[in-house]
file protein_2.txt (compact mmCIF, C-alpha atoms)
# COMPACT_ATOMS: atom_id res chain seq x y z
CA MET A 1 27.47 -51.52 -31.27
CA SER A 2 25.48 -52.45 -28.23
CA VAL A 3 22.03 -51.84 -26.83
CA ILE A 4 21.94 -48.94 -24.39
CA GLN A 5 19.39 -48.59 -21.61
CA ILE A 6 17.61 -45.21 -21.74
CA GLU A 7 15.47 -43.34 -19.26
CA GLU A 8 12.19 -41.71 -20.11
CA LYS A 9 13.60 -38.19 -19.62
CA ASP A 10 16.27 -38.76 -22.29
CA PHE A 11 13.95 -40.45 -24.78
CA PHE A 12 13.37 -37.63 -27.26
CA GLU A 13 16.96 -36.44 -27.16
CA LYS A 14 18.24 -39.93 -27.94
CA THR A 15 15.77 -40.69 -30.70
CA LYS A 16 15.82 -37.40 -32.61
CA LYS A 17 18.66 -38.12 -35.05
CA GLY A 18 19.24 -40.91 -37.54
CA LYS A 19 17.90 -44.44 -37.48
CA VAL A 20 16.94 -45.53 -34.00
CA LEU A 21 15.41 -48.74 -32.67
CA VAL A 22 13.88 -48.84 -29.18
CA ASP A 23 13.07 -52.18 -27.51
CA CYS A 24 10.26 -51.48 -25.01
CA TYR A 25 10.23 -54.21 -22.38
CA ALA A 26 9.53 -55.11 -18.76
CA ASP A 27 11.25 -57.56 -16.45
CA TRP A 28 8.03 -59.49 -15.82
CA CYS A 29 7.40 -60.28 -19.49
CA GLY A 30 8.72 -63.65 -20.74
CA PRO A 31 8.78 -62.90 -24.47
CA CYS A 32 10.62 -59.63 -23.71
CA ARG A 33 13.40 -61.58 -22.03
CA MET A 34 13.66 -63.78 -25.13
CA LEU A 35 13.74 -60.76 -27.46
CA SER A 36 16.52 -58.98 -25.59
CA PRO A 37 19.41 -61.23 -26.79
CA ILE A 38 17.98 -61.08 -30.34
CA ILE A 39 18.23 -57.28 -30.30
CA ASP A 40 21.72 -57.55 -28.78
CA GLU A 41 22.87 -59.70 -31.71
CA LEU A 42 21.15 -57.41 -34.19
CA SER A 43 23.02 -54.41 -32.78
CA ASP A 44 26.33 -56.23 -33.39
CA GLU A 45 25.46 -56.79 -37.02
CA VAL A 46 23.81 -53.52 -38.02
CA ASN A 47 25.96 -50.40 -37.98
CA ASP A 48 23.77 -47.64 -39.34
CA CYS A 49 21.28 -47.64 -36.47
CA LEU A 50 21.28 -46.80 -32.76
CA PHE A 51 19.82 -49.41 -30.41
CA TYR A 52 18.12 -48.57 -27.13
CA LYS A 53 16.01 -50.39 -24.58
CA LEU A 54 13.35 -48.77 -22.44
CA ASN A 55 11.78 -50.29 -19.32
CA VAL A 56 8.06 -49.51 -19.69
CA ASP A 57 7.54 -49.69 -15.93
CA ASN A 58 9.36 -46.36 -15.62
CA ALA A 59 8.12 -44.74 -18.80
CA GLU A 60 4.43 -43.98 -18.53
CA LYS A 61 4.62 -40.84 -20.67
CA ILE A 62 6.23 -42.72 -23.51
CA THR A 63 3.86 -45.68 -23.32
CA ASP A 64 0.95 -43.20 -23.34
CA LYS A 65 2.32 -41.22 -26.25
CA TYR A 66 2.98 -44.25 -28.44
CA LYS A 67 -0.06 -46.15 -27.11
CA ILE A 68 2.05 -49.15 -26.05
CA MET A 69 -0.38 -51.69 -24.60
CA SER A 70 1.47 -54.89 -25.32
CA ILE A 71 5.08 -55.87 -24.92
CA PRO A 72 7.59 -56.51 -26.28
CA THR A 73 7.05 -53.53 -28.59
CA VAL A 74 9.82 -52.31 -30.84
CA LEU A 75 9.70 -48.71 -32.09
CA PHE A 76 11.61 -47.63 -35.21
CA PHE A 77 12.49 -43.94 -35.63
CA ASN A 78 14.16 -41.98 -38.38
CA ASP A 79 15.24 -38.45 -37.43
CA GLY A 80 12.80 -38.46 -34.54
CA GLU A 81 9.82 -39.56 -36.60
CA LEU A 82 8.13 -42.84 -35.64
CA LYS A 83 8.28 -45.02 -38.76
CA MET A 84 7.06 -48.38 -37.52
CA THR A 85 5.81 -50.21 -34.44
CA ILE A 86 6.31 -53.96 -34.12
CA VAL A 87 4.39 -55.80 -31.41
CA GLY A 88 5.58 -59.23 -30.26
CA LEU A 89 8.53 -61.53 -30.73
CA ARG A 90 10.19 -61.69 -34.18
CA SER A 91 13.35 -63.29 -35.51
CA LYS A 92 16.59 -61.39 -35.99
CA ASP A 93 16.25 -61.67 -39.76
CA ASP A 94 12.76 -60.16 -39.63
CA PHE A 95 14.09 -57.15 -37.76
CA LYS A 96 16.99 -56.82 -40.21
CA GLU A 97 14.60 -56.70 -43.13
CA LEU A 98 12.37 -54.19 -41.38
CA LEU A 99 15.36 -51.96 -40.58
CA GLU A 100 16.38 -51.90 -44.22
CA LYS A 101 12.98 -50.49 -45.13
CA ILE A 102 13.26 -47.53 -42.72
CA MET B 1 24.85 -84.77 -44.02
CA TYR B 2 23.40 -84.64 -40.53
CA ASP B 3 22.51 -87.63 -38.43
CA LEU B 4 19.48 -85.87 -37.03
CA ILE B 5 17.64 -82.72 -38.02
CA ILE B 6 15.20 -81.40 -35.45
CA VAL B 7 12.52 -78.97 -36.56
CA GLY B 8 11.57 -76.65 -33.70
CA ALA B 9 13.54 -75.53 -30.63
CA GLY B 10 10.91 -75.82 -27.91
CA PRO B 11 11.24 -78.19 -24.94
CA ALA B 12 10.61 -81.30 -27.09
CA GLY B 13 13.07 -80.32 -29.82
CA LEU B 14 15.83 -79.20 -27.46
CA THR B 15 15.46 -82.36 -25.37
CA ALA B 16 15.78 -84.47 -28.52
CA ALA B 17 18.92 -82.47 -29.36
CA LEU B 18 20.31 -83.08 -25.88
CA TYR B 19 19.92 -86.84 -26.17
CA ALA B 20 21.28 -87.04 -29.71
CA LEU B 21 24.28 -84.84 -28.88
CA ARG B 22 25.10 -86.96 -25.85
CA ALA B 23 25.13 -89.94 -28.23
CA ASN B 24 27.75 -88.09 -30.32
CA LYS B 25 25.42 -87.60 -33.26
CA LYS B 26 25.70 -84.72 -35.71
CA VAL B 27 22.61 -82.65 -34.97
CA LEU B 28 21.05 -79.61 -36.59
CA VAL B 29 18.16 -77.76 -34.94
CA LEU B 30 16.09 -75.46 -37.13
CA GLU B 31 13.96 -72.75 -35.54
CA ALA B 32 11.98 -70.04 -37.29
CA LYS B 33 11.87 -67.41 -34.58
CA CYS B 34 13.26 -67.97 -31.12
CA TYR B 35 14.11 -71.03 -29.02
CA GLY B 36 11.94 -71.97 -26.02
CA GLY B 37 8.56 -72.58 -27.61
CA GLN B 38 5.31 -71.79 -25.82
CA ILE B 39 6.79 -72.37 -22.37
CA ILE B 40 8.41 -68.91 -22.45
CA ASN B 41 4.93 -67.48 -21.85
CA ALA B 42 4.58 -69.35 -18.55
CA ASN B 43 5.09 -67.04 -15.65
CA LYS B 44 5.84 -69.89 -13.31
CA ILE B 45 6.17 -73.65 -13.79
CA GLU B 46 5.15 -75.50 -10.64
CA ASN B 47 4.43 -79.01 -11.93
CA TYR B 48 7.81 -80.08 -13.26
CA PRO B 49 9.12 -82.91 -11.07
CA ALA B 50 11.97 -81.99 -8.72
CA ILE B 51 11.79 -78.29 -9.56
CA ASN B 52 9.72 -76.33 -7.05
CA ASP B 53 9.18 -73.42 -9.34
CA ILE B 54 10.93 -71.84 -12.27
CA SER B 55 9.91 -69.24 -14.85
CA GLY B 56 9.28 -70.48 -18.37
CA VAL B 57 12.08 -68.28 -19.71
CA ASP B 58 14.61 -69.64 -17.20
CA PHE B 59 13.56 -73.18 -18.08
CA ALA B 60 14.05 -72.46 -21.80
CA ASN B 61 17.40 -70.74 -21.23
CA ASN B 62 18.71 -73.58 -19.06
CA LEU B 63 17.75 -76.19 -21.61
CA TYR B 64 19.22 -74.14 -24.46
CA GLU B 65 22.53 -73.65 -22.59
CA GLN B 66 22.66 -77.35 -21.75
CA ALA B 67 22.37 -78.32 -25.44
CA LYS B 68 24.62 -75.45 -26.56
CA ASN B 69 27.39 -76.66 -24.22
CA LEU B 70 27.26 -80.02 -25.99
CA GLY B 71 27.86 -78.28 -29.29
CA MET B 72 24.30 -77.89 -30.61
CA ASP B 73 24.12 -76.34 -34.07
CA LEU B 74 20.96 -74.18 -34.07
CA LYS B 75 20.08 -72.23 -37.18
CA TYR B 76 17.32 -69.63 -37.36
CA GLU B 77 15.70 -70.72 -40.58
CA GLU B 78 12.09 -71.46 -41.34
CA VAL B 79 11.37 -74.97 -42.56
CA ILE B 80 9.03 -74.75 -45.52
CA ALA B 81 8.93 -78.40 -46.62
CA ILE B 82 10.17 -81.92 -46.09
CA GLU B 83 10.99 -83.87 -49.24
CA GLU B 84 11.44 -87.58 -49.88
CA ASP B 85 14.63 -89.17 -48.59
CA LYS B 86 14.72 -86.90 -45.55
CA VAL B 87 15.57 -83.62 -47.23
CA VAL B 88 14.64 -80.56 -45.19
CA VAL B 89 13.98 -77.36 -47.15
CA THR B 90 14.20 -74.02 -45.35
CA ASN B 91 13.71 -70.45 -46.54
CA LYS B 92 17.51 -70.34 -47.05
CA ASN B 93 18.94 -73.83 -47.56
CA LYS B 94 18.39 -77.51 -48.17
CA TYR B 95 19.69 -80.09 -45.71
CA GLN B 96 20.00 -83.85 -45.83
CA ALA B 97 19.57 -85.98 -42.72
CA LYS B 98 19.52 -89.64 -41.78
CA ALA B 99 16.54 -88.98 -39.51
CA ILE B 100 14.20 -86.09 -38.73
CA VAL B 101 12.33 -85.13 -35.58
CA LEU B 102 9.37 -82.82 -36.09
CA ALA B 103 8.88 -80.79 -32.92
CA THR B 104 6.93 -77.93 -34.40
CA GLY B 105 4.65 -77.39 -31.42
CA THR B 106 1.55 -75.29 -31.66
CA GLU B 107 0.66 -71.62 -31.94
CA LYS B 108 -2.00 -69.59 -30.18
CA ARG B 109 -5.47 -69.99 -31.57
CA LYS B 110 -7.16 -66.81 -32.69
CA LEU B 111 -10.88 -66.03 -32.50
CA GLY B 112 -11.00 -65.43 -36.23
CA LEU B 113 -12.96 -62.21 -35.92
CA ALA B 114 -12.65 -59.11 -38.11
CA LYS B 115 -10.14 -56.54 -36.81
CA GLU B 116 -8.50 -59.11 -34.48
CA ASP B 117 -5.04 -58.58 -36.02
CA GLU B 118 -5.52 -54.83 -36.32
CA TYR B 119 -6.27 -54.54 -32.59
CA LEU B 120 -3.26 -56.59 -31.47
CA GLY B 121 -1.62 -54.41 -28.85
CA LYS B 122 -4.61 -52.06 -29.05
CA GLY B 123 -7.07 -54.04 -27.01
CA ILE B 124 -6.43 -57.60 -28.12
CA SER B 125 -3.84 -59.62 -26.23
CA TYR B 126 -2.74 -63.24 -26.22
CA CYS B 127 -0.50 -62.84 -23.14
CA ALA B 128 -2.06 -61.66 -19.89
CA THR B 129 1.22 -61.64 -17.98
CA CYS B 130 2.84 -59.49 -20.69
CA ASP B 131 0.10 -56.95 -21.14
CA GLY B 132 -2.05 -56.99 -17.98
CA HIS B 133 -0.11 -54.15 -16.39
CA PHE B 134 -1.20 -51.74 -19.12
CA TYR B 135 -4.81 -52.10 -18.00
CA LYS B 136 -4.54 -51.11 -14.34
CA ASN B 137 -7.98 -50.24 -12.96
CA LYS B 138 -9.62 -50.85 -16.34
CA ILE B 139 -12.36 -53.29 -17.29
CA VAL B 140 -11.16 -56.27 -19.32
CA ALA B 141 -12.40 -59.66 -20.49
CA VAL B 142 -10.82 -63.07 -20.86
CA VAL B 143 -12.24 -65.53 -23.36
CA GLY B 144 -11.59 -69.25 -22.95
CA GLY B 145 -12.27 -72.19 -20.69
CA GLY B 146 -9.00 -73.98 -20.04
CA ASN B 147 -6.26 -73.51 -17.47
CA THR B 148 -4.70 -70.59 -19.31
CA ALA B 149 -7.98 -68.65 -19.33
CA LEU B 150 -8.58 -69.32 -15.62
CA GLU B 151 -5.00 -68.41 -14.66
CA ASP B 152 -5.18 -65.27 -16.80
CA ALA B 153 -8.44 -64.18 -15.14
CA LEU B 154 -6.94 -64.75 -11.70
CA TYR B 155 -3.77 -62.87 -12.57
CA LEU B 156 -5.68 -59.95 -14.09
CA SER B 157 -8.12 -59.72 -11.16
CA LYS B 158 -5.24 -58.45 -9.04
CA ILE B 159 -4.47 -55.62 -11.45
CA VAL B 160 -7.64 -54.47 -13.18
CA GLU B 161 -10.98 -53.20 -11.89
CA ARG B 162 -13.13 -55.99 -13.30
CA VAL B 163 -12.60 -59.15 -15.32
CA TYR B 164 -15.34 -60.76 -17.40
CA LEU B 165 -14.55 -64.39 -17.99
CA ILE B 166 -16.36 -65.52 -21.12
CA HIS B 167 -16.69 -69.18 -22.03
CA ARG B 168 -18.87 -70.83 -24.65
CA ARG B 169 -19.76 -73.81 -22.46
CA SER B 170 -21.43 -74.11 -19.06
CA GLU B 171 -18.37 -75.66 -17.42
CA PHE B 172 -14.66 -74.92 -17.53
CA ARG B 173 -12.08 -77.42 -18.75
CA GLY B 174 -9.46 -75.92 -16.43
CA GLU B 175 -8.51 -77.17 -12.97
CA LYS B 176 -11.08 -76.87 -10.20
CA LYS B 177 -8.46 -75.27 -7.96
CA TYR B 178 -8.45 -72.18 -10.18
CA TYR B 179 -12.22 -72.14 -10.59
CA ASP B 180 -12.73 -72.19 -6.80
CA LEU B 181 -10.28 -69.32 -6.37
CA LEU B 182 -12.02 -67.32 -9.08
CA ARG B 183 -15.44 -67.82 -7.49
CA GLU B 184 -14.10 -66.23 -4.33
CA THR B 185 -12.69 -63.27 -6.25
CA SER B 186 -15.17 -60.41 -6.08
CA ASN B 187 -14.11 -58.57 -9.23
CA VAL B 188 -14.48 -61.54 -11.57
CA THR B 189 -17.77 -61.97 -13.41
CA PHE B 190 -18.53 -65.24 -15.21
CA ILE B 191 -20.32 -65.15 -18.55
CA LEU B 192 -21.00 -68.75 -19.52
CA ASN B 193 -22.66 -70.28 -22.58
CA ALA B 194 -21.65 -67.22 -24.56
CA GLU B 195 -19.45 -66.49 -27.56
CA VAL B 196 -17.59 -63.36 -28.57
CA ILE B 197 -18.89 -62.53 -32.04
CA LYS B 198 -17.70 -58.99 -32.80
CA LEU B 199 -14.96 -56.53 -31.87
CA ASN B 200 -16.01 -52.88 -31.84
CA GLY B 201 -13.98 -49.67 -31.74
CA SER B 202 -12.13 -47.14 -33.88
CA ASP B 203 -8.36 -46.84 -33.27
CA GLN B 204 -8.55 -49.32 -30.46
CA LEU B 205 -10.93 -51.88 -29.05
CA GLU B 206 -13.80 -50.30 -27.11
CA SER B 207 -16.37 -53.06 -26.72
CA ILE B 208 -17.31 -56.58 -27.73
CA ASP B 209 -20.58 -58.17 -28.78
CA ILE B 210 -21.39 -61.52 -27.21
CA ARG B 211 -24.13 -63.98 -28.11
CA ASP B 212 -25.68 -66.28 -25.52
CA LYS B 213 -27.12 -69.74 -26.15
CA ASP B 214 -30.57 -68.33 -26.89
CA GLY B 215 -29.07 -66.20 -29.62
CA ASP B 216 -29.47 -62.93 -27.71
CA ILE B 217 -26.70 -60.43 -28.38
CA SER B 218 -25.34 -58.02 -25.80
CA ASN B 219 -22.55 -55.47 -25.78
CA ILE B 220 -19.85 -55.12 -23.11
CA ALA B 221 -17.53 -52.12 -22.90
CA ILE B 222 -13.97 -53.28 -22.21
CA SER B 223 -10.44 -51.96 -22.69
CA CYS B 224 -8.89 -55.27 -23.57
CA LEU B 225 -9.89 -58.78 -24.57
CA PHE B 226 -7.41 -61.45 -23.51
CA VAL B 227 -7.76 -64.41 -25.85
CA ALA B 228 -6.98 -67.80 -24.26
CA ILE B 229 -8.84 -70.30 -26.41
CA GLY B 230 -6.05 -72.81 -26.76
CA GLN B 231 -3.50 -73.78 -29.33
CA LYS B 232 -3.44 -75.02 -32.88
CA PRO B 233 -0.81 -76.98 -34.79
CA ALA B 234 0.91 -75.69 -37.93
CA ASN B 235 1.83 -78.81 -39.86
CA ASP B 236 0.04 -78.27 -43.16
CA LYS B 237 3.35 -77.84 -44.99
CA PHE B 238 4.23 -81.46 -44.20
CA ALA B 239 0.91 -82.90 -45.39
CA ASN B 240 2.41 -84.10 -48.71
CA LEU B 241 4.47 -86.69 -46.82
CA ILE B 242 3.19 -86.94 -43.26
CA ASP B 243 -0.24 -88.08 -42.08
CA LEU B 244 -2.14 -85.47 -40.07
CA ASP B 245 -5.34 -85.92 -38.09
CA GLU B 246 -8.46 -83.84 -38.80
CA ASP B 247 -7.24 -81.08 -36.46
CA GLY B 248 -3.83 -80.88 -38.13
CA TYR B 249 -1.79 -82.75 -35.52
CA ILE B 250 0.84 -85.18 -36.80
CA LYS B 251 -0.41 -88.74 -36.43
CA ALA B 252 1.86 -90.59 -34.01
CA TYR B 253 2.22 -94.36 -33.96
CA ASP B 254 4.04 -96.16 -31.12
CA ASP B 255 4.63 -92.88 -29.27
CA VAL B 256 6.72 -90.87 -31.69
CA HIS B 257 6.78 -92.56 -35.12
CA THR B 258 5.10 -90.92 -38.08
CA ASN B 259 3.84 -92.82 -41.11
CA LYS B 260 7.23 -92.17 -42.74
CA LYS B 261 10.23 -94.28 -41.76
CA GLY B 262 12.99 -92.22 -40.17
CA ILE B 263 10.72 -89.24 -39.47
CA TYR B 264 9.60 -88.83 -35.87
CA VAL B 265 7.33 -86.41 -34.05
CA ALA B 266 7.70 -85.01 -30.53
CA GLY B 267 5.80 -82.63 -28.28
CA ASP B 268 2.57 -80.69 -28.74
CA ALA B 269 2.61 -81.15 -32.53
CA ARG B 270 1.61 -84.81 -32.34
CA THR B 271 -1.63 -86.61 -31.64
CA LYS B 272 -1.78 -87.23 -27.89
CA GLU B 273 -4.08 -86.86 -24.93
CA VAL B 274 -1.93 -84.79 -22.59
CA ARG B 275 0.03 -81.78 -23.83
CA GLN B 276 2.29 -80.76 -20.98
CA LEU B 277 5.90 -79.72 -20.53
CA THR B 278 6.66 -83.11 -18.95
CA THR B 279 5.17 -85.03 -21.87
CA ALA B 280 6.98 -82.80 -24.39
CA VAL B 281 10.41 -83.56 -22.92
CA ALA B 282 9.44 -87.24 -22.66
CA ASP B 283 8.62 -87.20 -26.40
CA GLY B 284 11.93 -85.52 -27.19
CA THR B 285 13.75 -88.22 -25.25
CA ILE B 286 11.93 -91.06 -26.97
CA ALA B 287 12.13 -89.57 -30.47
CA ALA B 288 15.90 -89.03 -30.32
CA THR B 289 16.51 -92.43 -28.76
CA MET B 290 14.37 -94.27 -31.31
CA ALA B 291 15.87 -92.28 -34.19
CA ILE B 292 19.39 -93.28 -33.13
CA ARG B 293 18.40 -96.89 -32.54
CA GLU B 294 16.70 -97.21 -35.91
CA MET B 295 19.29 -95.23 -37.89
CA ARG B 296 20.85 -97.06 -40.81
call {"tool": "encode", "arguments": {"input": "protein_2.txt", "output": "C-alpha cells"}}
result
Amino acid sequence: MSVIQIEEKDFFEKTKKGKVLVDCYADWCGPCRMLSPIIDELSDEVNDCLFYKLNVDNAEKITDKYKIMSIPTVLFFNDGELKMTIVGLRSKDDFKELLEKI
Amino acid sequence: MYDLIIVGAGPAGLTAALYALRANKKVLVLEAKCYGGQIINANKIENYPAINDISGVDFANNLYEQAKNLGMDLKYEEVIAIEEDKVVVTNKNKYQAKAIVLATGTEKRKLGLAKEDEYLGKGISYCATCDGHFYKNKIVAVVGGGNTALEDALYLSKIVERVYLIHRRSEFRGEKKYYDLLRETSNVTFILNAEVIKLNGSDQLESIDIRDKDGDISNIAISCLFVAIGQKPANDKFANLIDLDEDGYIKAYDDVHTNKKGIYVAGDARTKEVRQLTTAVADGTIAATMAIREMR
C-alpha cells in the first residue's frame, strides 16, 4: 500500500468506505514533513486501511468542516464517519495502536 | 551487547552516533517518537557556522542520513529506565551497553492551565509556523519572553490582524534585534508584567484572562494563544541512578560526564548555560569521544 495524495473535491468519495486515514499537512510545516515518512511506513505495514494525504493549503472546506487549526492533523474514518482526530506528531506504533481501535 | 547506546535522536544524539560509528563502534540509538528533536520546529537556522540557512527539517534529515549511511541502528522504542551496570530498559526490550549517552533533550513547557490540553488545535498552539496560517486576519496572542516568543510574534504579525505579545516580566530575554523589529510593527501590542491565568471558551478558545502586576484581571478576546514559554527536561525516570538539578536537568561534570561512570549526557538535557544547536552537536561529539576513550 502507499499514501495517495487527494484533492479536496474527491475527499468525501475517497473516505466514504472502509477504514481510511488522512494525513492533513502543509509544505511549510516542519513536523508535517517528519510525519510523512512515518505514515508512508505505516501504509506498508497495515493492509486493512486506505491512506491519503491532503494539502490543507488547497482544502479550505475540509479544514473548516473538521475544524483543523493545527497541523499535522490525522483524521481516521470508518465508512465515512469521522472516528478520531489526532493533532501533532506521533510514533508509528502509536498510530498502529490507534488504527486497531477504529 | 552494544558498545554505545544513545537515548534520543536529536542533534546531540545523532552527532554522538556519527562519531561512534566512525570509530567502528556498535551503536544503538533509541528514540520514542521521531528523529530530529526540537530543531524540526525551526523554520530556518541561520546561526550554524558555514551554513547560510537551512530548515530545521533539512538539517535533521541530513544528519539522520549521514548516520544511517554509516550503518546506524535506530529503534523506535521508549526508554523507561536505566538500571545498574548500564542496562537500558525500553517499553519493548532490555539492552546492555558498555556506555550510555543520554541525549533526551527537552519538551515544550505548558502553561499548566485548565483546558490547555483540550484546546490543543482549537485555539492553543505550541508551533506558530505550523498553525499561524489557520488564523489569517484573526486576533491572536503569544505568551513568552524568549527568542521563540519574539520570532513567533514577528512571524504571526505578517499573517494575522493583531498579535498581543504577553510576557510576565518588564523586559524580554530574547534578542534585541527581534524586539526592535517588533516595536516597528504596527499590529503588535505588548502586554508586559502580565500573566495568562485562565482560558475561556466552549468548543474552542474564545478569550483569555490576564493578571497584571497589581493583581488586576482583564479579558482579551482572541482566536488562538501561541505558547512559547520555553522548554523543560524529562529526566525523572533516570533519577534513581543519575543526579538531576532542581529543574530536572542532568547534572554534568567536566562537560558531559554524569555522576555515574560510563553514562554521559549531551545536548539540552544537561545542566549548561547555552542551549543551542551548535552546543548540542558539540556535546554529542564530546560525549561519544569520551565514552570511547574511557570504555573498558
call {"tool": "residues_around", "arguments": {"input": "protein_2.txt", "residues": "range 89-99 of chain A", "least_positions_apart": "4", "cutoff": "10 Å", "atoms": "only C-alpha atoms", "output": "ChimeraX atom specification"}}
result
/A:19-21,31-43,45-46,48-49,71-74,76-77,84 /B:31-34,76-77
call {"tool": "atom_distance", "arguments": {"input": "protein_2.txt", "atom1": "CA of Phe59 in chain B", "atom2": "CA of Glu175 in chain B"}}
result
23.0 Å
call {"tool": "residues_around", "arguments": {"input": "protein_2.txt", "residues": "Ile6 in chain A", "least_positions_apart": "4", "cutoff": "9 Å", "atoms": "all atoms listed in the file", "output": "PDB file with C-alpha atoms, in the frame of the given file"}}
result
ATOM      1  CA  ASP A  10      16.270 -38.760 -22.290  1.00  0.00           C
ATOM      2  CA  PHE A  11      13.950 -40.450 -24.780  1.00  0.00           C
ATOM      3  CA  LYS A  14      18.240 -39.930 -27.940  1.00  0.00           C
ATOM      4  CA  TYR A  52      18.120 -48.570 -27.130  1.00  0.00           C
ATOM      5  CA  LYS A  53      16.010 -50.390 -24.580  1.00  0.00           C
ATOM      6  CA  LEU A  54      13.350 -48.770 -22.440  1.00  0.00           C
ATOM      7  CA  ASN A  55      11.780 -50.290 -19.320  1.00  0.00           C
TER       8      ASN A  55
END
call {"tool": "closest_residue", "arguments": {"input": "protein_2.txt", "among": "A:Glu8, A:Asp79, A:Glu13, A:Asp27", "to": "chain B", "atoms": "all atoms listed in the file"}}
result
A:Asp27
call {"tool": "closest_residue", "arguments": {"input": "protein_2.txt", "among": "B:Val188, B:Leu277, B:Cys127, B:Ile242", "to": "Gly36 in chain B", "atoms": "only C-alpha atoms"}}
result
B:Leu277
